[in-house]
Amino acid sequence: VATSPAVGVFQPRREMTAGTRVRSGDRIGIVDVLGVPQEVVAPVDGVIGASYVQAGEAVEYGQELIRIELAGARPAEPPAEATAGAASAGSPGARTQDSGPTGAGAPGAEEA
Amino acid sequence: MFQKILIANRGEIALRILRACRLLDVPAVVAYSEADRESLPVQLADEAICVGPADARRSYLSAPALISAAIVTGCDAIHPGYGFLSEDEGFADVVKAHGLTFIGPPSQVLERFASKEGTRRLLGGHGLPTIPGSDGMLRDEVHALEEAERIGYPVLIKPSAGGGGKGMRMVRSPRELESAIKVCRSEARSAFGDDSLYLEKWIDNNRHVEVQVVVDRYGHGVHLGERDCSVQRRHQKIIEEAPTPALSPAARADLASRALTAVIAAGYENLGTLEFLVDGEGNFYFIEINCRIQVEHPVTEMLTGIDMVALQIRIAAGEPLGFSQADVVPRGHAIEFRINAEDAAHDFRPQTGVVEHYLAPGGPSVRMDSHLYAGYEIPPYYDSLLGKLVVWGPDRATAIARSRVALDELLVDGIVTNIPIHRALLVNEQFLAGRFTTNLIDRLGSAAFLTAAASSASSVSSSAHAAAAAPAAASSGTAAPPPSSASPTAEVRR
């Protein structure tokens, strides 16, 4: 799970929609701290999963923001079509925008 | 009044501020670091927000994190507590720039009182005695000897660029001065690259006495008496009491009213504490001002019945003081014991660990301000203060007797605390006689101090108990507070 680097207002990068493949360290959004953006980075290689907060929402330091699904098979499989995301709905209070589970499927998906 | 207050601190003071907010019916948000997630103020808060990692520079000392936290939680004021950013005029300035109120003196007031040297000159100009010193830097040996003669021995040689005691020497005679000045010059040159020196009068066996003032935005102020903080180790206070046993009532009244007059004339605002050194003859010298709520404020609360944190918040919100000096009627005697996670037998080494059992003492006029609970893990990142035991009595002997009972009852299991040193102090003849000076514990060494107390405890404590019991009994018929009141009743009329 990508967590917030600071207290502020969360804005995901527009292109980082569910299902997008990311590498560890990729910038997937920002937290605006008094006008200064702090990068939210992907902690692992994987695929963007469920968002726990909405764009424009206030977040605290360390808060879980976006789930990154570990790709079961690491090499270039194109991201699976977004299927109805039963996988990511599990986390309580999570606002599931559009979940994009990998082809590997929910049961085996480890949480980053 | 404020809509909502961000509490930008931790531990017992965060809890203390939370209580004041509730009293004033103002919602509060506790800002905390990752290391304090399980802390009591966070658990008791209606709302809490994590502002950063354990490292204080990225949490409790991070202005952007704290201000951002205040804004996203809808706060319009920030209470900095003590330590951390509480006297940082830069922080106060940025808080204001974001449309929030800093609960403390306004930034321009903090700025005016930021430099110790400048504050001494400012308040010295408004009638407060300061420590006599040389007229500027010492030009040569002859000049040094002349100035020392004028100030009066003993004198302290201090490097202008100094800090940490380097290049500093106390001398008692012209001969000592002549030889020491050469050493000091070369030490200062190698340590700071600047060998300019000046002289300050050395106050032997001094006591630390401080005056609490409070001034509203409209220039109305009162003093809330003084506190004696002479029981220290390495310049850290461990016991504070009021009134000071060092001065007569007339001298205390004189000190407090001169302090108040000077700060009002100098344009001070909000709560403040003026620290003085008092010598053996009762002469006092102004050293510095603390522009914040202090750790030892409960001592004054016990004496006056005033909630000082609530008062501080009201004044920051622009409310007038609402009472005058005549309404402040201090009663009895109060003593505060700082309970720290440190090993007094081993040079006060800080301790961490898990609190296995915790029991706060009770009884008449006993107050325990602490964030401890059983199972609490003390994080290693911050200071070692675990809480403050504050005990009131109609007179000093009763306060001491009640303190002994309370300290014996206080239970903090699982970590080493400094409770033994407090027990030792309560049988120390110097302390019982009210003659404690700031250098006493350090001069003896803490371990030696504890040993000495242990060996004399049996003989001294019995006589001290007897001494304490007599005035307590004598006063119970006359001056004692109503038995039902847990703390002295408020004597302040709004």
# chains A, B, ... in the order shown; residues from 1 in each chain; ligands from 1

$ interface_residues --of "chain A" --to "chain B" --cutoff "6 Å" --atoms "only C-alpha atoms" --output "PDB file with N, CA, C and O atoms, in the first residue's frame"
ATOM      1  N   VAL A   7       1.129  15.290   6.093  1.00  0.00           N
ATOM      2  CA  VAL A   7      -0.244  15.726   6.370  1.00  0.00           C
ATOM      3  C   VAL A   7      -0.636  16.731   5.303  1.00  0.00           C
ATOM      4  O   VAL A   7       0.087  17.701   5.078  1.00  0.00           O
ATOM      5  N   GLY A   8      -1.761  16.524   4.665  1.00  0.00           N
ATOM      6  CA  GLY A   8      -2.175  17.490   3.655  1.00  0.00           C
ATOM      7  C   GLY A   8      -3.348  16.982   2.851  1.00  0.00           C
ATOM      8  O   GLY A   8      -4.168  16.216   3.358  1.00  0.00           O
ATOM      9  N   VAL A  33       1.060  19.959   0.821  1.00  0.00           N
ATOM     10  CA  VAL A  33       1.300  20.467   2.174  1.00  0.00           C
ATOM     11  C   VAL A  33       1.506  21.976   2.080  1.00  0.00           C
ATOM     12  O   VAL A  33       2.560  22.436   1.659  1.00  0.00           O
ATOM     13  N   LEU A  34       0.492  22.731   2.377  1.00  0.00           N
ATOM     14  CA  LEU A  34       0.558  24.191   2.317  1.00  0.00           C
ATOM     15  C   LEU A  34       1.067  24.677   0.949  1.00  0.00           C
ATOM     16  O   LEU A  34       1.882  25.583   0.862  1.00  0.00           O
ATOM     17  N   ALA A  58      -8.407  15.162   2.756  1.00  0.00           N
ATOM     18  CA  ALA A  58      -7.321  15.415   3.705  1.00  0.00           C
ATOM     19  C   ALA A  58      -6.782  14.088   4.216  1.00  0.00           C
ATOM     20  O   ALA A  58      -7.553  13.173   4.513  1.00  0.00           O
ATOM     21  N   GLU A  60      -3.559  12.101   6.711  1.00  0.00           N
ATOM     22  CA  GLU A  60      -2.515  12.291   7.715  1.00  0.00           C
ATOM     23  C   GLU A  60      -1.252  11.561   7.292  1.00  0.00           C
ATOM     24  O   GLU A  60      -1.256  10.779   6.336  1.00  0.00           O
ATOM     25  N   TYR A  61      -0.183  11.808   8.038  1.00  0.00           N
ATOM     26  CA  TYR A  61       1.090  11.152   7.755  1.00  0.00           C
ATOM     27  C   TYR A  61       0.925   9.649   7.915  1.00  0.00           C
ATOM     28  O   TYR A  61       0.355   9.185   8.900  1.00  0.00           O
TER      29      TYR A  61
END

$ residues_around --residues "region 82-88 of chain B" --least-positions-apart "2" --cutoff "7 Å" --atoms "only C-alpha atoms" --output "VMD selection string"
chain B and resid 60 to 61 80 90 to 92 110 291 to 294

$ write_last_selection --atoms "all heavy atoms" --output "PDB file, in the first residue's frame"
ATOM      1  N   TYR B  60       6.890  17.040  15.634  1.00  0.00           N
ATOM      2  CA  TYR B  60       6.589  18.116  16.585  1.00  0.00           C
ATOM      3  C   TYR B  60       7.379  19.398  16.315  1.00  0.00           C
ATOM      4  O   TYR B  60       7.050  20.456  16.846  1.00  0.00           O
ATOM      5  CB  TYR B  60       6.848  17.647  18.017  1.00  0.00           C
ATOM      6  CG  TYR B  60       5.990  16.462  18.393  1.00  0.00           C
ATOM      7  CD1 TYR B  60       6.547  15.211  18.600  1.00  0.00           C
ATOM      8  CD2 TYR B  60       4.611  16.605  18.513  1.00  0.00           C
ATOM      9  CE1 TYR B  60       5.756  14.118  18.939  1.00  0.00           C
ATOM     10  CE2 TYR B  60       3.816  15.520  18.849  1.00  0.00           C
ATOM     11  CZ  TYR B  60       4.395  14.277  19.060  1.00  0.00           C
ATOM     12  OH  TYR B  60       3.605  13.209  19.385  1.00  0.00           O
ATOM     13  N   LEU B  61       8.434  19.296  15.516  1.00  0.00           N
ATOM     14  CA  LEU B  61       9.217  20.496  15.198  1.00  0.00           C
ATOM     15  C   LEU B  61       9.018  20.932  13.752  1.00  0.00           C
ATOM     16  O   LEU B  61       9.679  21.854  13.291  1.00  0.00           O
ATOM     17  CB  LEU B  61      10.709  20.233  15.450  1.00  0.00           C
ATOM     18  CG  LEU B  61      11.143  20.198  16.911  1.00  0.00           C
ATOM     19  CD1 LEU B  61      12.566  19.673  17.041  1.00  0.00           C
ATOM     20  CD2 LEU B  61      11.039  21.588  17.533  1.00  0.00           C
ATOM     21  N   PRO B  80       1.177  25.365  21.221  1.00  0.00           N
ATOM     22  CA  PRO B  80       2.454  24.667  21.086  1.00  0.00           C
ATOM     23  C   PRO B  80       2.939  24.002  22.370  1.00  0.00           C
ATOM     24  O   PRO B  80       3.966  23.307  22.324  1.00  0.00           O
ATOM     25  CB  PRO B  80       3.403  25.801  20.691  1.00  0.00           C
ATOM     26  CG  PRO B  80       2.847  27.000  21.412  1.00  0.00           C
ATOM     27  CD  PRO B  80       1.354  26.810  21.443  1.00  0.00           C
ATOM     28  N   GLY B  90       9.598  32.439  14.504  1.00  0.00           N
ATOM     29  CA  GLY B  90       9.408  32.108  13.090  1.00  0.00           C
ATOM     30  C   GLY B  90       8.146  31.280  12.897  1.00  0.00           C
ATOM     31  O   GLY B  90       7.337  31.546  12.003  1.00  0.00           O
ATOM     32  N   PHE B  91       7.959  30.302  13.780  1.00  0.00           N
ATOM     33  CA  PHE B  91       6.762  29.457  13.720  1.00  0.00           C
ATOM     34  C   PHE B  91       5.512  30.303  13.974  1.00  0.00           C
ATOM     35  O   PHE B  91       4.533  30.219  13.230  1.00  0.00           O
ATOM     36  CB  PHE B  91       6.869  28.323  14.738  1.00  0.00           C
ATOM     37  CG  PHE B  91       5.669  27.420  14.798  1.00  0.00           C
ATOM     38  CD1 PHE B  91       5.298  26.664  13.701  1.00  0.00           C
ATOM     39  CD2 PHE B  91       4.900  27.326  15.956  1.00  0.00           C
ATOM     40  CE1 PHE B  91       4.185  25.822  13.745  1.00  0.00           C
ATOM     41  CE2 PHE B  91       3.798  26.490  16.022  1.00  0.00           C
ATOM     42  CZ  PHE B  91       3.436  25.741  14.907  1.00  0.00           C
ATOM     43  N   ALA B  92       5.565  31.134  15.005  1.00  0.00           N
ATOM     44  CA  ALA B  92       4.420  31.987  15.341  1.00  0.00           C
ATOM     45  C   ALA B  92       4.047  32.874  14.149  1.00  0.00           C
ATOM     46  O   ALA B  92       2.865  33.106  13.864  1.00  0.00           O
ATOM     47  CB  ALA B  92       4.740  32.840  16.563  1.00  0.00           C
ATOM     48  N   LEU B 110       7.369  37.844  20.696  1.00  0.00           N
ATOM     49  CA  LEU B 110       8.406  36.811  20.830  1.00  0.00           C
ATOM     50  C   LEU B 110       9.733  37.314  20.274  1.00  0.00           C
ATOM     51  O   LEU B 110      10.792  37.051  20.835  1.00  0.00           O
ATOM     52  CB  LEU B 110       7.993  35.546  20.075  1.00  0.00           C
ATOM     53  CG  LEU B 110       6.970  34.642  20.743  1.00  0.00           C
ATOM     54  CD1 LEU B 110       6.589  33.505  19.812  1.00  0.00           C
ATOM     55  CD2 LEU B 110       7.519  34.078  22.048  1.00  0.00           C
ATOM     56  N   CYS B 291       8.647  32.643  27.386  1.00  0.00           N
ATOM     57  CA  CYS B 291       7.415  33.132  26.762  1.00  0.00           C
ATOM     58  C   CYS B 291       6.464  31.994  26.456  1.00  0.00           C
ATOM     59  O   CYS B 291       6.019  31.819  25.328  1.00  0.00           O
ATOM     60  CB  CYS B 291       7.763  33.898  25.491  1.00  0.00           C
ATOM     61  SG  CYS B 291       8.971  35.199  25.735  1.00  0.00           S
ATOM     62  N   ARG B 292       6.150  31.168  27.453  1.00  0.00           N
ATOM     63  CA  ARG B 292       5.325  29.985  27.195  1.00  0.00           C
ATOM     64  C   ARG B 292       4.682  29.525  28.503  1.00  0.00           C
ATOM     65  O   ARG B 292       5.012  30.045  29.561  1.00  0.00           O
ATOM     66  CB  ARG B 292       6.223  28.857  26.682  1.00  0.00           C
ATOM     67  CG  ARG B 292       7.352  28.560  27.651  1.00  0.00           C
ATOM     68  CD  ARG B 292       8.040  27.244  27.462  1.00  0.00           C
ATOM     69  NE  ARG B 292       8.853  26.945  28.612  1.00  0.00           N
ATOM     70  CZ  ARG B 292      10.135  27.268  28.745  1.00  0.00           C
ATOM     71  NH1 ARG B 292      10.761  27.897  27.780  1.00  0.00           N
ATOM     72  NH2 ARG B 292      10.794  26.977  29.848  1.00  0.00           N
ATOM     73  N   ILE B 293       3.792  28.545  28.398  1.00  0.00           N
ATOM     74  CA  ILE B 293       3.327  27.881  29.613  1.00  0.00           C
ATOM     75  C   ILE B 293       4.505  27.024  30.083  1.00  0.00           C
ATOM     76  O   ILE B 293       5.212  26.442  29.275  1.00  0.00           O
ATOM     77  CB  ILE B 293       2.069  27.016  29.338  1.00  0.00           C
ATOM     78  CG1 ILE B 293       1.479  26.451  30.639  1.00  0.00           C
ATOM     79  CG2 ILE B 293       2.344  25.847  28.385  1.00  0.00           C
ATOM     80  CD1 ILE B 293       0.632  27.405  31.401  1.00  0.00           C
ATOM     81  N   GLN B 294       4.730  26.976  31.388  1.00  0.00           N
ATOM     82  CA  GLN B 294       5.864  26.198  31.863  1.00  0.00           C
ATOM     83  C   GLN B 294       5.448  24.880  32.484  1.00  0.00           C
ATOM     84  O   GLN B 294       4.314  24.726  32.940  1.00  0.00           O
ATOM     85  CB  GLN B 294       6.660  27.016  32.873  1.00  0.00           C
ATOM     86  CG  GLN B 294       7.464  28.094  32.151  1.00  0.00           C
ATOM     87  CD  GLN B 294       8.567  28.630  33.016  1.00  0.00           C
ATOM     88  OE1 GLN B 294       8.323  29.502  33.814  1.00  0.00           O
ATOM     89  NE2 GLN B 294       9.767  28.103  32.862  1.00  0.00           N
TER      90      GLN B 294
END

$ select_by_dssp --residues "region 341-436 of chain B" --states "strand (DSSP E)" --output "ChimeraX atom specification"
/B:342-343,349-350,353-354,357-359,366-370,377-378,385-393,411-413

$ residues_around --residues "region 373-386 of chain B" --least-positions-apart "2" --cutoff "6 Å" --atoms "only C-alpha atoms" --output "list of chain:residue names"
B:Ile339, B:Asn340, B:Ala341, B:Thr352, B:Gly353, B:Val354, B:Val355, B:Glu356, B:His357, B:Tyr358

$ write_last_selection --atoms "N, CA, C and O atoms" --output "short mmCIF file (atom, residue, chain, number, x, y, z; two decimals), in the first residue's frame"
data_model
loop_
_atom_site.label_atom_id
_atom_site.label_comp_id
_atom_site.auth_asym_id
_atom_site.auth_seq_id
_atom_site.Cartn_x
_atom_site.Cartn_y
_atom_site.Cartn_z
N ILE B 339 8.39 13.73 37.82
CA ILE B 339 8.67 12.30 37.77
C ILE B 339 9.24 11.99 36.38
O ILE B 339 8.56 12.13 35.37
N ASN B 340 10.51 11.63 36.37
CA ASN B 340 11.20 11.39 35.11
C ASN B 340 11.61 9.93 34.98
O ASN B 340 11.90 9.27 35.98
N ALA B 341 11.67 9.46 33.73
CA ALA B 341 12.18 8.11 33.46
C ALA B 341 13.69 8.22 33.38
O ALA B 341 14.26 8.29 32.29
N THR B 352 14.01 3.78 29.10
CA THR B 352 12.81 3.50 28.32
C THR B 352 12.29 2.13 28.74
O THR B 352 12.96 1.42 29.48
N GLY B 353 11.12 1.80 28.27
CA GLY B 353 10.56 0.51 28.62
C GLY B 353 9.05 0.58 28.68
O GLY B 353 8.44 1.57 28.27
N VAL B 354 8.46 -0.51 29.19
CA VAL B 354 7.01 -0.59 29.27
C VAL B 354 6.59 -0.41 30.73
O VAL B 354 7.17 -1.01 31.63
N VAL B 355 5.60 0.44 30.95
CA VAL B 355 5.06 0.64 32.29
C VAL B 355 4.16 -0.54 32.62
O VAL B 355 3.15 -0.75 31.96
N GLU B 356 4.57 -1.34 33.60
CA GLU B 356 3.78 -2.52 33.92
C GLU B 356 2.59 -2.19 34.82
O GLU B 356 1.48 -2.64 34.59
N HIS B 357 2.87 -1.42 35.87
CA HIS B 357 1.79 -0.98 36.74
C HIS B 357 1.94 0.50 36.96
O HIS B 357 3.05 1.02 37.03
N TYR B 358 0.83 1.17 37.07
CA TYR B 358 0.87 2.60 37.37
C TYR B 358 -0.26 2.92 38.33
O TYR B 358 -1.41 2.56 38.08
#

$ atom_distance --atom1 "CA of Leu128 (chain B)" --atom2 "CA of Tyr285 (chain B)"
7.4 Å

$ atom_distance --atom1 "CA of Arg331 (chain B)" --atom2 "CA of Met302 (chain B)"
8.3 Å

$ residues_around --residues "region 204-211 of chain B" --least-positions-apart "6" --cutoff "8 Å" --atoms "only C-alpha atoms" --output "mmCIF file with all heavy atoms, in the first residue's frame"
data_model
loop_
_atom_site.group_PDB
_atom_site.id
_atom_site.type_symbol
_atom_site.label_atom_id
_atom_site.label_comp_id
_atom_site.auth_asym_id
_atom_site.auth_seq_id
_atom_site.Cartn_x
_atom_site.Cartn_y
_atom_site.Cartn_z
ATOM 1 N N HIS B 223 0.491 39.637 38.279
ATOM 2 C CA HIS B 223 1.450 38.573 38.538
ATOM 3 C C HIS B 223 0.750 37.529 39.389
ATOM 4 O O HIS B 223 -0.228 37.841 40.092
ATOM 5 C CB HIS B 223 2.707 39.110 39.229
ATOM 6 C CG HIS B 223 2.489 39.577 40.637
ATOM 7 N ND1 HIS B 223 2.309 38.719 41.688
ATOM 8 C CD2 HIS B 223 2.404 40.830 41.171
ATOM 9 C CE1 HIS B 223 2.139 39.405 42.803
ATOM 10 N NE2 HIS B 223 2.184 40.689 42.510
ATOM 11 N N LEU B 224 1.208 36.284 39.262
ATOM 12 C CA LEU B 224 0.608 35.197 40.038
ATOM 13 C C LEU B 224 1.628 34.680 41.049
ATOM 14 O O LEU B 224 1.704 33.479 41.315
ATOM 15 C CB LEU B 224 0.127 34.085 39.099
ATOM 16 C CG LEU B 224 -0.884 34.528 38.017
ATOM 17 C CD1 LEU B 224 -1.241 33.366 37.097
ATOM 18 C CD2 LEU B 224 -2.160 35.088 38.647
ATOM 19 N N GLY B 225 2.439 35.608 41.544
ATOM 20 C CA GLY B 225 3.428 35.223 42.542
ATOM 21 C C GLY B 225 4.643 34.588 41.908
ATOM 22 O O GLY B 225 4.832 34.639 40.689
ATOM 23 N N GLU B 226 5.460 33.969 42.767
ATOM 24 C CA GLU B 226 6.715 33.403 42.274
ATOM 25 C C GLU B 226 6.743 31.897 42.524
ATOM 26 O O GLU B 226 5.881 31.345 43.211
ATOM 27 C CB GLU B 226 7.890 34.084 42.975
ATOM 28 C CG GLU B 226 8.268 33.533 44.335
ATOM 29 C CD GLU B 226 7.207 33.749 45.395
ATOM 30 O OE1 GLU B 226 6.313 34.596 45.202
ATOM 31 O OE2 GLU B 226 7.240 33.051 46.429
ATOM 32 N N ARG B 227 7.746 31.261 41.935
ATOM 33 C CA ARG B 227 8.020 29.845 42.219
ATOM 34 C C ARG B 227 9.513 29.720 42.471
ATOM 35 O O ARG B 227 10.317 30.413 41.866
ATOM 36 C CB ARG B 227 7.633 28.969 41.004
ATOM 37 C CG ARG B 227 6.154 28.920 40.686
ATOM 38 C CD ARG B 227 5.867 28.009 39.508
ATOM 39 N NE ARG B 227 6.351 28.560 38.261
ATOM 40 C CZ ARG B 227 5.616 29.216 37.367
ATOM 41 N NH1 ARG B 227 4.327 29.395 37.590
ATOM 42 N NH2 ARG B 227 6.144 29.687 36.270
ATOM 43 N N ASP B 228 9.863 28.823 43.368
ATOM 44 C CA ASP B 228 11.274 28.575 43.653
ATOM 45 C C ASP B 228 11.657 27.267 42.964
ATOM 46 O O ASP B 228 11.034 26.238 43.201
ATOM 47 C CB ASP B 228 11.472 28.457 45.170
ATOM 48 C CG ASP B 228 12.942 28.426 45.552
ATOM 49 O OD1 ASP B 228 13.701 27.627 44.952
ATOM 50 O OD2 ASP B 228 13.341 29.196 46.443
ATOM 51 N N CYS B 229 12.645 27.338 42.090
ATOM 52 C CA CYS B 229 13.052 26.145 41.333
ATOM 53 C C CYS B 229 14.525 25.859 41.576
ATOM 54 O O CYS B 229 15.300 25.618 40.653
ATOM 55 C CB CYS B 229 12.810 26.346 39.844
ATOM 56 S SG CYS B 229 11.210 27.073 39.451
ATOM 57 N N SER B 230 14.928 25.899 42.836
ATOM 58 C CA SER B 230 16.347 25.767 43.157
ATOM 59 C C SER B 230 16.826 24.324 43.173
ATOM 60 O O SER B 230 18.021 24.080 43.128
ATOM 61 C CB SER B 230 16.632 26.404 44.518
ATOM 62 O OG SER B 230 16.285 27.767 44.484
ATOM 63 N N THR B 244 8.470 30.905 47.669
ATOM 64 C CA THR B 244 9.873 30.583 47.888
ATOM 65 C C THR B 244 10.232 30.735 49.354
ATOM 66 O O THR B 244 9.866 31.727 49.988
ATOM 67 C CB THR B 244 10.805 31.468 47.039
ATOM 68 O OG1 THR B 244 12.166 31.205 47.448
ATOM 69 C CG2 THR B 244 10.525 32.959 47.220
ATOM 70 N N ALA B 246 13.062 31.388 50.284
ATOM 71 C CA ALA B 246 14.270 32.214 50.304
ATOM 72 C C ALA B 246 14.004 33.680 50.605
ATOM 73 O O ALA B 246 14.919 34.400 50.984
ATOM 74 C CB ALA B 246 14.998 32.091 48.965
ATOM 75 N N LEU B 255 9.517 41.814 44.481
ATOM 76 C CA LEU B 255 10.045 41.159 43.284
ATOM 77 C C LEU B 255 8.946 40.993 42.230
ATOM 78 O O LEU B 255 9.118 41.362 41.069
ATOM 79 C CB LEU B 255 10.617 39.787 43.671
ATOM 80 C CG LEU B 255 11.055 38.851 42.543
ATOM 81 C CD1 LEU B 255 12.218 39.457 41.776
ATOM 82 C CD2 LEU B 255 11.453 37.483 43.087
ATOM 83 N N ALA B 256 7.798 40.460 42.656
ATOM 84 C CA ALA B 256 6.724 40.168 41.708
ATOM 85 C C ALA B 256 6.166 41.443 41.084
ATOM 86 O O ALA B 256 5.926 41.506 39.877
ATOM 87 C CB ALA B 256 5.620 39.382 42.406
ATOM 88 N N ALA B 259 8.643 42.882 38.584
ATOM 89 C CA ALA B 259 8.666 42.074 37.356
ATOM 90 C C ALA B 259 7.472 42.421 36.472
ATOM 91 O O ALA B 259 7.611 42.618 35.261
ATOM 92 C CB ALA B 259 8.659 40.587 37.714
ATOM 93 N N THR B 273 7.131 33.974 32.163
ATOM 94 C CA THR B 273 7.830 33.729 33.418
ATOM 95 C C THR B 273 9.177 34.431 33.393
ATOM 96 O O THR B 273 9.948 34.252 32.456
ATOM 97 C CB THR B 273 8.054 32.224 33.637
ATOM 98 O OG1 THR B 273 6.788 31.583 33.693
ATOM 99 C CG2 THR B 273 8.795 31.972 34.935
ATOM 100 N N LEU B 274 9.436 35.234 34.406
ATOM 101 C CA LEU B 274 10.723 35.923 34.493
ATOM 102 C C LEU B 274 11.585 35.192 35.511
ATOM 103 O O LEU B 274 11.187 35.024 36.665
ATOM 104 C CB LEU B 274 10.522 37.377 34.939
ATOM 105 C CG LEU B 274 9.845 38.274 33.908
ATOM 106 C CD1 LEU B 274 8.345 38.242 34.095
ATOM 107 C CD2 LEU B 274 10.355 39.701 34.010
ATOM 108 N N GLU B 275 12.743 34.751 35.046
ATOM 109 C CA GLU B 275 13.633 33.993 35.920
ATOM 110 C C GLU B 275 14.656 34.923 36.566
ATOM 111 O O GLU B 275 15.233 35.783 35.902
ATOM 112 C CB GLU B 275 14.363 32.913 35.124
ATOM 113 C CG GLU B 275 13.431 31.871 34.525
ATOM 114 C CD GLU B 275 14.172 30.654 34.004
ATOM 115 O OE1 GLU B 275 15.403 30.745 33.810
ATOM 116 O OE2 GLU B 275 13.513 29.624 33.806
ATOM 117 N N PHE B 276 14.884 34.691 37.860
ATOM 118 C CA PHE B 276 15.850 35.484 38.618
ATOM 119 C C PHE B 276 16.804 34.563 39.373
ATOM 120 O O PHE B 276 16.419 33.468 39.782
ATOM 121 C CB PHE B 276 15.137 36.361 39.654
ATOM 122 C CG PHE B 276 14.251 37.418 39.063
ATOM 123 C CD1 PHE B 276 12.932 37.133 38.749
ATOM 124 C CD2 PHE B 276 14.738 38.700 38.834
ATOM 125 C CE1 PHE B 276 12.108 38.106 38.197
ATOM 126 C CE2 PHE B 276 13.915 39.676 38.294
ATOM 127 C CZ PHE B 276 12.593 39.384 37.966
ATOM 128 N N LEU B 277 18.026 35.038 39.543
ATOM 129 C CA LEU B 277 18.925 34.413 40.511
ATOM 130 C C LEU B 277 18.815 35.224 41.796
ATOM 131 O O LEU B 277 18.786 36.451 41.759
ATOM 132 C CB LEU B 277 20.374 34.466 40.023
ATOM 133 C CG LEU B 277 20.798 33.482 38.935
ATOM 134 C CD1 LEU B 277 22.284 33.609 38.693
ATOM 135 C CD2 LEU B 277 20.435 32.056 39.322
ATOM 136 N N VAL B 278 18.746 34.525 42.911
ATOM 137 C CA VAL B 278 18.682 35.205 44.203
ATOM 138 C C VAL B 278 19.917 34.793 45.000
ATOM 139 O O VAL B 278 20.200 33.595 45.138
ATOM 140 C CB VAL B 278 17.393 34.839 44.961
ATOM 141 C CG1 VAL B 278 17.375 35.492 46.334
ATOM 142 C CG2 VAL B 278 16.163 35.251 44.172
ATOM 143 N N ASP B 279 20.660 35.748 45.487
ATOM 144 C CA ASP B 279 21.863 35.400 46.250
ATOM 145 C C ASP B 279 21.534 35.234 47.733
ATOM 146 O O ASP B 279 20.374 35.381 48.146
ATOM 147 C CB ASP B 279 22.988 36.422 46.005
ATOM 148 C CG ASP B 279 22.676 37.785 46.609
ATOM 149 O OD1 ASP B 279 21.748 37.894 47.442
ATOM 150 O OD2 ASP B 279 23.376 38.764 46.260
ATOM 151 N N GLY B 280 22.561 34.905 48.516
ATOM 152 C CA GLY B 280 22.361 34.614 49.925
ATOM 153 C C GLY B 280 21.776 35.773 50.723
ATOM 154 O O GLY B 280 21.164 35.575 51.766
ATOM 155 N N PHE B 436 17.924 25.133 49.998
ATOM 156 C CA PHE B 436 18.516 24.440 48.866
ATOM 157 C C PHE B 436 19.012 25.433 47.821
ATOM 158 O O PHE B 436 18.326 26.375 47.480
ATOM 159 C CB PHE B 436 17.485 23.505 48.223
ATOM 160 C CG PHE B 436 18.079 22.201 47.791
ATOM 161 C CD1 PHE B 436 18.164 21.150 48.682
ATOM 162 C CD2 PHE B 436 18.580 22.041 46.521
ATOM 163 C CE1 PHE B 436 18.715 19.941 48.296
ATOM 164 C CE2 PHE B 436 19.132 20.840 46.129
ATOM 165 C CZ PHE B 436 19.207 19.784 47.010
ATOM 166 N N THR B 437 20.216 25.201 47.306
ATOM 167 C CA THR B 437 20.731 26.055 46.235
ATOM 168 C C THR B 437 20.877 25.231 44.956
ATOM 169 O O THR B 437 20.924 24.001 44.998
ATOM 170 C CB THR B 437 22.093 26.663 46.623
ATOM 171 O OG1 THR B 437 22.941 25.615 47.072
ATOM 172 C CG2 THR B 437 21.925 27.695 47.715
ATOM 173 N N THR B 438 20.972 25.924 43.826
ATOM 174 C CA THR B 438 20.881 25.243 42.532
ATOM 175 C C THR B 438 22.007 24.243 42.287
ATOM 176 O O THR B 438 21.877 23.359 41.460
ATOM 177 C CB THR B 438 20.879 26.264 41.385
ATOM 178 O OG1 THR B 438 22.026 27.107 41.533
ATOM 179 C CG2 THR B 438 19.634 27.110 41.391
ATOM 180 N N ASN B 439 23.127 24.403 42.989
ATOM 181 C CA ASN B 439 24.284 23.542 42.712
ATOM 182 C C ASN B 439 24.387 22.333 43.632
ATOM 183 O O ASN B 439 25.325 21.555 43.533
ATOM 184 C CB ASN B 439 25.568 24.377 42.837
ATOM 185 C CG ASN B 439 25.678 25.044 44.202
ATOM 186 O OD1 ASN B 439 24.804 24.885 45.049
ATOM 187 N ND2 ASN B 439 26.752 25.787 44.412
#

$ residues_around --residues "Pro106 (chain B)" --least-positions-apart "6" --cutoff "9 Å" --atoms "only C-alpha atoms" --output "list of chain:residue names"
B:Glu89, B:Ala92, B:Asp93, B:Lys96, B:Glu269, B:Asn270, B:Ala316
